[in-house]
Structure formats: structure tokens, C-alpha cells
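Engineer: File target-v9.pdb below, PDB, C-alpha atoms and all ligand atoms:
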```
ATOM      1  CA  MET L   1      11.229  -5.073  -3.231
ATOM      2  CA  LEU L   2      15.038  -5.213  -3.247
ATOM      3  CA  VAL L   3      15.246  -4.010   0.371
ATOM      4  CA  HIS L   4      12.665  -6.601   1.344
ATOM      5  CA  ALA L   5      14.652  -9.326  -0.393
ATOM      6  CA  GLN L   6      17.868  -8.295   1.322
ATOM      7  CA  ALA L   7      16.139  -8.528   4.693
ATOM      8  CA  LEU L   8      14.835 -12.005   3.912
ATOM      9  CA  LEU L   9      18.011 -13.396   2.355
ATOM     10  CA  VAL L  10      19.724 -14.148   5.629
ATOM     11  CA  GLY L  11      20.407 -17.722   4.534
ATOM     12  CA  THR L  12      20.293 -21.036   6.316
ATOM     13  CA  PRO L  13      22.360 -24.183   5.821
ATOM     14  CA  GLU L  14      19.235 -25.858   4.354
ATOM     15  CA  GLY L  15      19.112 -23.735   1.273
ATOM     16  CA  ARG L  16      20.473 -20.809  -0.654
ATOM     17  CA  THR L  17      18.373 -17.993  -2.009
ATOM     18  CA  ASP L  18      19.137 -15.027  -4.179
ATOM     19  CA  TYR L  19      17.286 -12.018  -5.539
ATOM     20  CA  LEU L  20      17.778 -10.602  -8.993
ATOM     21  CA  ASP L  21      16.342  -7.288 -10.128
ATOM     22  CA  ALA L  22      15.932  -7.818 -13.867
ATOM     23  CA  ASP L  23      13.695  -7.292 -16.845
ATOM     24  CA  LEU L  24      12.047 -10.537 -17.938
ATOM     25  CA  ARG L  25      13.097  -9.731 -21.499
ATOM     26  CA  ASP L  26      16.738 -10.235 -20.472
ATOM     27  CA  VAL L  27      16.459 -14.015 -20.565
ATOM     28  CA  ASP L  28      20.184 -14.656 -21.009
ATOM     29  CA  GLY L  29      21.090 -12.334 -18.137
ATOM     30  CA  ILE L  30      18.509 -13.923 -15.839
ATOM     31  CA  LEU L  31      19.698 -17.445 -16.644
ATOM     32  CA  ALA L  32      23.365 -16.520 -16.178
ATOM     33  CA  ALA L  33      22.687 -14.867 -12.811
ATOM     34  CA  ALA L  34      20.379 -17.673 -11.646
ATOM     35  CA  ALA L  35      23.020 -20.282 -12.522
ATOM     36  CA  LYS L  36      25.162 -18.883  -9.695
ATOM     37  CA  THR L  37      22.585 -20.190  -7.213
ATOM     38  CA  LEU L  38      20.545 -22.848  -9.004
ATOM     39  CA  ASP L  39      21.827 -26.192 -10.260
ATOM     40  CA  PHE L  40      20.298 -26.336 -13.735
ATOM     41  CA  SER L  41      21.058 -30.065 -14.027
ATOM     42  CA  GLN L  42      18.248 -30.547 -11.470
ATOM     43  CA  PRO L  43      14.528 -29.753 -11.860
ATOM     44  CA  VAL L  44      13.594 -26.155 -11.104
ATOM     45  CA  ALA L  45      10.198 -24.493 -10.564
ATOM     46  CA  LEU L  46       9.774 -21.415 -12.748
ATOM     47  CA  MET L  47       6.998 -19.264 -11.284
ATOM     48  CA  LEU L  48       5.763 -16.418 -13.446
ATOM     49  CA  LEU L  49       2.824 -15.101 -11.460
ATOM     50  CA  GLY L  50       1.171 -12.065 -12.966
ATOM     51  CA  VAL L  51       4.363 -11.085 -14.772
ATOM     52  CA  VAL L  52       4.060 -11.953 -18.471
ATOM     53  CA  ILE L  53       0.959  -9.750 -18.509
ATOM     54  CA  PHE L  54       3.504  -6.923 -18.758
ATOM     55  CA  ILE L  55       5.016  -8.252 -21.982
ATOM     56  CA  GLU L  56       2.746  -6.619 -24.511
ATOM     57  CA  ASP L  57       3.814  -8.520 -27.611
ATOM     58  CA  ASP L  58       2.289 -12.015 -27.689
ATOM     59  CA  GLU L  59       5.058 -13.733 -29.611
ATOM     60  CA  GLU L  60       7.758 -12.096 -27.502
ATOM     61  CA  SER L  61       6.026 -13.270 -24.328
ATOM     62  CA  TYR L  62       5.756 -16.873 -25.594
ATOM     63  CA  ALA L  63       9.406 -16.811 -26.689
ATOM     64  CA  ILE L  64      10.555 -15.597 -23.251
ATOM     65  CA  VAL L  65       8.752 -18.410 -21.444
ATOM     66  CA  ARG L  66       9.941 -20.999 -23.988
ATOM     67  CA  ARG L  67      13.567 -19.864 -23.703
ATOM     68  CA  LEU L  68      13.438 -19.981 -19.908
ATOM     69  CA  MET L  69      11.888 -23.463 -19.942
ATOM     70  CA  ASP L  70      14.369 -24.662 -22.580
ATOM     71  CA  ALA L  71      17.164 -23.964 -20.078
ATOM     72  CA  LEU L  72      15.584 -26.167 -17.391
ATOM     73  CA  ALA L  73      16.074 -29.879 -16.767
ATOM     74  CA  PRO L  74      13.351 -32.486 -17.390
ATOM     75  CA  GLY L  75      11.055 -32.636 -14.383
ATOM     76  CA  SER L  76      11.070 -28.850 -14.039
ATOM     77  CA  HIS L  77       7.731 -27.098 -13.673
ATOM     78  CA  LEU L  78       6.235 -23.908 -15.043
ATOM     79  CA  VAL L  79       3.698 -22.135 -12.825
ATOM     80  CA  LEU L  80       2.131 -19.213 -14.639
ATOM     81  CA  SER L  81      -0.817 -16.966 -13.880
ATOM     82  CA  HIS L  82      -2.283 -14.371 -16.201
ATOM     83  CA  THR L  83      -5.147 -11.881 -16.278
ATOM     84  CA  VAL L  84      -7.729 -12.990 -18.821
ATOM     85  CA  THR L  85     -10.519 -11.460 -20.830
ATOM     86  CA  HIS L  86     -13.719 -13.277 -20.049
ATOM     87  CA  PRO L  87     -17.205 -12.570 -21.416
ATOM     88  CA  ASP L  88     -18.670 -13.201 -17.947
ATOM     89  CA  MET L  89     -16.393 -10.602 -16.318
ATOM     90  CA  PRO L  90     -16.614  -7.407 -18.398
ATOM     91  CA  ASP L  91     -15.829  -5.246 -15.340
ATOM     92  CA  VAL L  92     -12.286  -6.573 -15.405
ATOM     93  CA  ASP L  93     -11.810  -5.330 -18.979
ATOM     94  CA  GLU L  94     -12.887  -1.876 -17.795
ATOM     95  CA  ALA L  95     -10.493  -2.000 -14.851
ATOM     96  CA  VAL L  96      -7.632  -2.996 -17.155
ATOM     97  CA  GLU L  97      -8.527  -0.187 -19.561
ATOM     98  CA  PHE L  98      -8.426   2.248 -16.655
ATOM     99  CA  TRP L  99      -5.044   0.907 -15.548
ATOM    100  CA  ASN L 100      -3.635   1.182 -19.056
ATOM    101  CA  GLU L 101      -4.795   4.782 -19.323
ATOM    102  CA  HIS L 102      -3.307   5.804 -15.989
ATOM    103  CA  GLY L 103      -0.746   3.209 -14.933
ATOM    104  CA  THR L 104       2.538   1.824 -16.120
ATOM    105  CA  PRO L 105       3.716  -0.606 -17.386
ATOM    106  CA  LYS L 106       0.704  -1.440 -19.523
ATOM    107  CA  LEU L 107      -1.057  -4.680 -18.815
ATOM    108  CA  THR L 108      -2.071  -7.150 -21.518
ATOM    109  CA  GLN L 109      -5.073  -9.395 -21.008
ATOM    110  CA  ARG L 110      -5.120 -12.630 -22.954
ATOM    111  CA  THR L 111      -7.794 -15.230 -23.534
ATOM    112  CA  PRO L 112      -7.678 -18.484 -21.561
ATOM    113  CA  ALA L 113      -6.683 -20.256 -24.796
ATOM    114  CA  ALA L 114      -3.813 -17.820 -25.307
ATOM    115  CA  VAL L 115      -2.671 -18.428 -21.725
ATOM    116  CA  ALA L 116      -2.743 -22.185 -22.372
ATOM    117  CA  ARG L 117      -0.213 -21.619 -25.169
ATOM    118  CA  TYR L 118       2.503 -20.866 -22.592
ATOM    119  CA  PHE L 119       2.292 -24.543 -21.636
ATOM    120  CA  GLU L 120       2.751 -25.945 -25.147
ATOM    121  CA  GLY L 121       5.226 -28.820 -25.110
ATOM    122  CA  LEU L 122       4.727 -29.365 -21.363
ATOM    123  CA  GLU L 123       2.539 -31.872 -19.580
ATOM    124  CA  LEU L 124      -0.302 -29.750 -18.243
ATOM    125  CA  LEU L 125      -1.270 -30.811 -14.725
ATOM    126  CA  GLU L 126      -4.880 -31.028 -13.526
ATOM    127  CA  PRO L 127      -7.098 -29.031 -13.373
ATOM    128  CA  GLY L 128      -5.404 -27.298 -16.354
ATOM    129  CA  VAL L 129      -5.372 -23.596 -17.129
ATOM    130  CA  VAL L 130      -8.271 -22.423 -14.978
ATOM    131  CA  SER L 131      -9.389 -19.593 -12.726
ATOM    132  CA  CYS L 132      -6.962 -19.209  -9.800
ATOM    133  CA  SER L 133      -9.898 -19.821  -7.461
ATOM    134  CA  ALA L 134     -10.238 -23.334  -8.923
ATOM    135  CA  TRP L 135      -6.752 -24.117  -7.593
ATOM    136  CA  ARG L 136      -8.021 -23.717  -4.030
ATOM    137  CA  ALA L 137      -8.522 -26.961  -2.166
ATOM    138  CA  GLY L 138     -11.926 -27.411  -0.585
ATOM    139  CA  THR L 139     -14.994 -25.276  -1.136
ATOM    140  CA  PRO L 140     -15.543 -24.156  -4.732
ATOM    141  CA  ALA L 141     -15.133 -20.383  -5.168
ATOM    142  CA  PRO L 142     -16.409 -18.128  -7.986
ATOM    143  CA  ASP L 143     -14.200 -17.718 -11.053
ATOM    144  CA  VAL L 144     -11.814 -14.777 -11.131
ATOM    145  CA  ALA L 145     -10.258 -13.184 -14.223
ATOM    146  CA  MET L 146      -6.810 -14.436 -13.244
ATOM    147  CA  TYR L 147      -6.095 -17.872 -14.695
ATOM    148  CA  ALA L 148      -3.240 -20.163 -13.739
ATOM    149  CA  GLY L 149      -1.725 -23.436 -14.803
ATOM    150  CA  VAL L 150       1.106 -25.757 -13.904
ATOM    151  CA  GLY L 151       3.091 -27.651 -16.532
ATOM    152  CA  ARG L 152       5.785 -30.293 -16.135
ATOM    153  CA  LYS L 153       8.682 -30.571 -18.561
TER     154      LYS L 153
HETATM  155  C1  LIG T   1       1.126  -8.218 -10.491
HETATM  156  S1  LIG T   1       2.755  -8.122  -9.796
HETATM  157  C2  LIG T   1       3.004  -9.822  -9.352
HETATM  158  C3  LIG T   1       4.068  -9.973  -8.315
HETATM  159  C4  LIG T   1       4.293 -11.396  -7.784
HETATM  160  N1  LIG T   1       4.739 -12.272  -8.849
HETATM  161  C5  LIG T   1       3.075 -11.931  -7.137
HETATM  162  O1  LIG T   1       2.456 -12.870  -7.648
HETATM  163  O2  LIG T   1       2.695 -11.420  -6.076
HETATM  164  C6  LIG T   1       3.709  -7.906 -11.252
HETATM  165  C7  LIG T   1       5.199  -7.812 -11.032
HETATM  166  O3  LIG T   1       5.844  -7.871 -12.304
HETATM  167  C8  LIG T   1       6.917  -6.954 -12.308
HETATM  168  N2  LIG T   1       7.247  -6.647 -13.710
HETATM  169  C9  LIG T   1       6.582  -5.844 -14.571
HETATM  170  N3  LIG T   1       7.186  -5.824 -15.766
HETATM  171  C10 LIG T   1       8.281  -6.632 -15.649
HETATM  172  C11 LIG T   1       9.324  -7.011 -16.538
HETATM  173  N4  LIG T   1       9.358  -6.545 -17.807
HETATM  174  N5  LIG T   1      10.281  -7.826 -16.089
HETATM  175  C12 LIG T   1      10.248  -8.294 -14.816
HETATM  176  N6  LIG T   1       9.276  -8.009 -13.927
HETATM  177  C13 LIG T   1       8.311  -7.163 -14.338
HETATM  178  C14 LIG T   1       6.409  -5.784 -11.511
HETATM  179  O4  LIG T   1       7.471  -5.032 -11.015
HETATM  180  C15 LIG T   1       5.644  -6.506 -10.400
HETATM  181  O5  LIG T   1       6.505  -6.811  -9.328
END
```
Mind turning this structure into C-alpha cells?
Structural biologist:
Amino acid sequence: MLVHAQALLVGTPEGRTDYLDADLRDVDGILAAAAKTLDFSQPVALMLLGVVIFIEDDEESYAIVRRLMDALAPGSHLVLSHTVTHPDMPDVDEAVEFWNEHGTPKLTQRTPAAVARYFEGLELLEPGVVSCSAWRAGTPAPDVAMYAGVGRK
């Protein structure tokens, strides 16, 4: 990932990019490093796609997202996707169990309602916290056990 980032970070006058290899739990370190590139007086998009699933403790995961969003200016957005438990998709629970037996780090599934909690205090944009497939423009696609939402501060 780091090598990939270095290859991509060639830079253009239009914008600056940076890559930080960090643990999401190190919120202060991430914010301090990001402040070298991002202007935190301006809105920022925080994209946590399939990442907080690796923070096992619920309250810790909510606190991480809240602390990151607290540092951002009004008008910033949170984009977050998360594997969910869903009664209609029991196969996914089995796949996650298998991963947790054999893989690392362990993955935590949460309910759609628990995923919606990451957006508390934000204005949740339409269509809300829904299956990622529902975010596709055009033809409706079947639900998947990965839900996503977008919230505006
Ligand atoms: C399912 S992948 C998603 C990657 C990417 N966000 C995407 O949507 O394609 C999960 C990523 O989270 C990273 N990850 C796992 N635990 C993490 C942690 N505690 N802090 C930061 N990243 C973590 C993994 O290294 C992996 O790159």
C-alpha cells in the first residue's frame, strides 16, 4: 500500500496529496499529520470505507469517528461503510465467522442501526444508511451486507 501511494503521489500544481500509514486508534497522530497537508479551516471529506469494522469495541469505534469529525470544519462530510449483520443474508455471518477464525485483524459486524450511530449529530444525506448497492445510480441492484451513509457536519 505504501509503495503504491509513493508511486501515485507525484503531485500536480492543482492539489497536494499525502499518505499516512497509521492505526485509526491514533486519532491525535492522524490529525496532526493530516494538518500538514489539509487546511482544517475548510470542509474536508472523511472517508472510512470498510475500516471501522476492524475496531472491535463499539464505544471506541464511535469515539474515534466522533473525535475525527470534531476536528473538521462545518460543511465537512463523513462517508462510512460497514459490514452488517442482516437476517436476509446469513451466509455473510458465516463468512465473517470463518474470517475471524482464520484471518487477522478480526472483523466486527454491526447492525444497520448501529452503523447509523456513526452519523449522530450530522445531517444524514439521502438515501441514508443503506446497502452500498442502493448508492448506485440507475438500475436497482440487490442488497449487499455492506451498508454506507454520508453525513454532513
Ligand atoms: C476492507 S479494507 C478497505 C480498504 C479501502 N478503504 C477500500 O474501501 O478499498 C480495510 C482496510 O483497513 C485497514 N485497517 C485495518 N485495521 C486498521 C486500523 N486499526 N487502523 C487503520 N487501518 C486499518 C486494513 O489495512 C485495510 O487496508
Engineer: Evaluate the PyMOL selection byres (((chain L and resi 92-104) around 12) and not hetatm) and record the selected residues as a list in words, following the chain and residue labels used in the document.
Structural biologist: Ile53, Phe54, Ile55, Glu56, Thr83, Val84, Thr85, His86, Pro87, Asp88, Met89, Pro90, Asp91, Pro105, Lys106, Leu107, Thr108, Gln109, Arg110, Thr111, Val144, Ala145 and Met146 of chain L
Engineer: Using the chain letters and numbers from the file, which residues does the PyMOL selection byres (((chain L and resi 65-72) around 9) and not hetatm) grab, as a PyMOL selection string?
Structural biologist: chain L and resi 27-28+30-31+40-46+48+52+60-64+73-78+118-120+153
Engineer: For ligand LIG 1 (chain T), return the neighbouring residues as number ranges by chain (distance at most 6 Å; only C-alpha atoms and all ligand atoms).
Structural biologist: L: 22-24, 49-51, 54
Engineer: From the options L:Val130, L:Leu20, L:Leu125, L:Leu80, which residue's atoms come nearest to Gly151 of chain L, counting all atoms listed in the file?
Structural biologist: L:Leu125
Engineer: For the point (-13.8, -18.7, -10.7) in the file's frame, write as a PyMOL selection string all residues with an atom no more than 6 Å away, counting all atoms listed in the file.
Structural biologist: chain L and resi 131+133+141-144
Engineer: If I take atom CA of Trp135 of chain L and atom CA of Tyr147 of chain L, how far is one from the other in Å, to one decimal?
Structural biologist: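 That distance, rounded to one decimal, is 9.5 Å.
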Engineer: Do you have the atom CA of Asp18 of chain L-atom CA of Thr37 of chain L distance handy?
Structural biologist: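 Spanning atom CA of Asp18 of chain L to atom CA of Thr37 of chain L is a straight-line distance of 6.9 Å.
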Engineer: When you draw a straight line from atom CA of Ala116 of chain L to atom CA of Ala148 of chain L, how long is it in Å?
Structural biologist: 8.9 Å
Engineer: Env of Gly149 of chain L: 6 Å cut, atoms = only C-alpha atoms, seq-sep filter 4 positions within chain, self excluded. Answer as a PyMOL selection string.
Structural biologist: chain L and resi 79-80+128-129
Engineer: Using all atoms listed in the file, which of the listed residues (L:Pro140, L:Arg16, L:Asp57, L:Ser81) sits closest to Val115 of chain L?
Structural biologist: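 Among the listed residues, L:Ser81 lies closest to Val115 of chain L.
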Engineer: Select, from L:Lys36, L:His82, L:Arg25, L:Arg117, the residue with the minimum atom-to-atom distance to Cys132 of chain L, counting all atoms listed in the file.
Structural biologist: L:His82
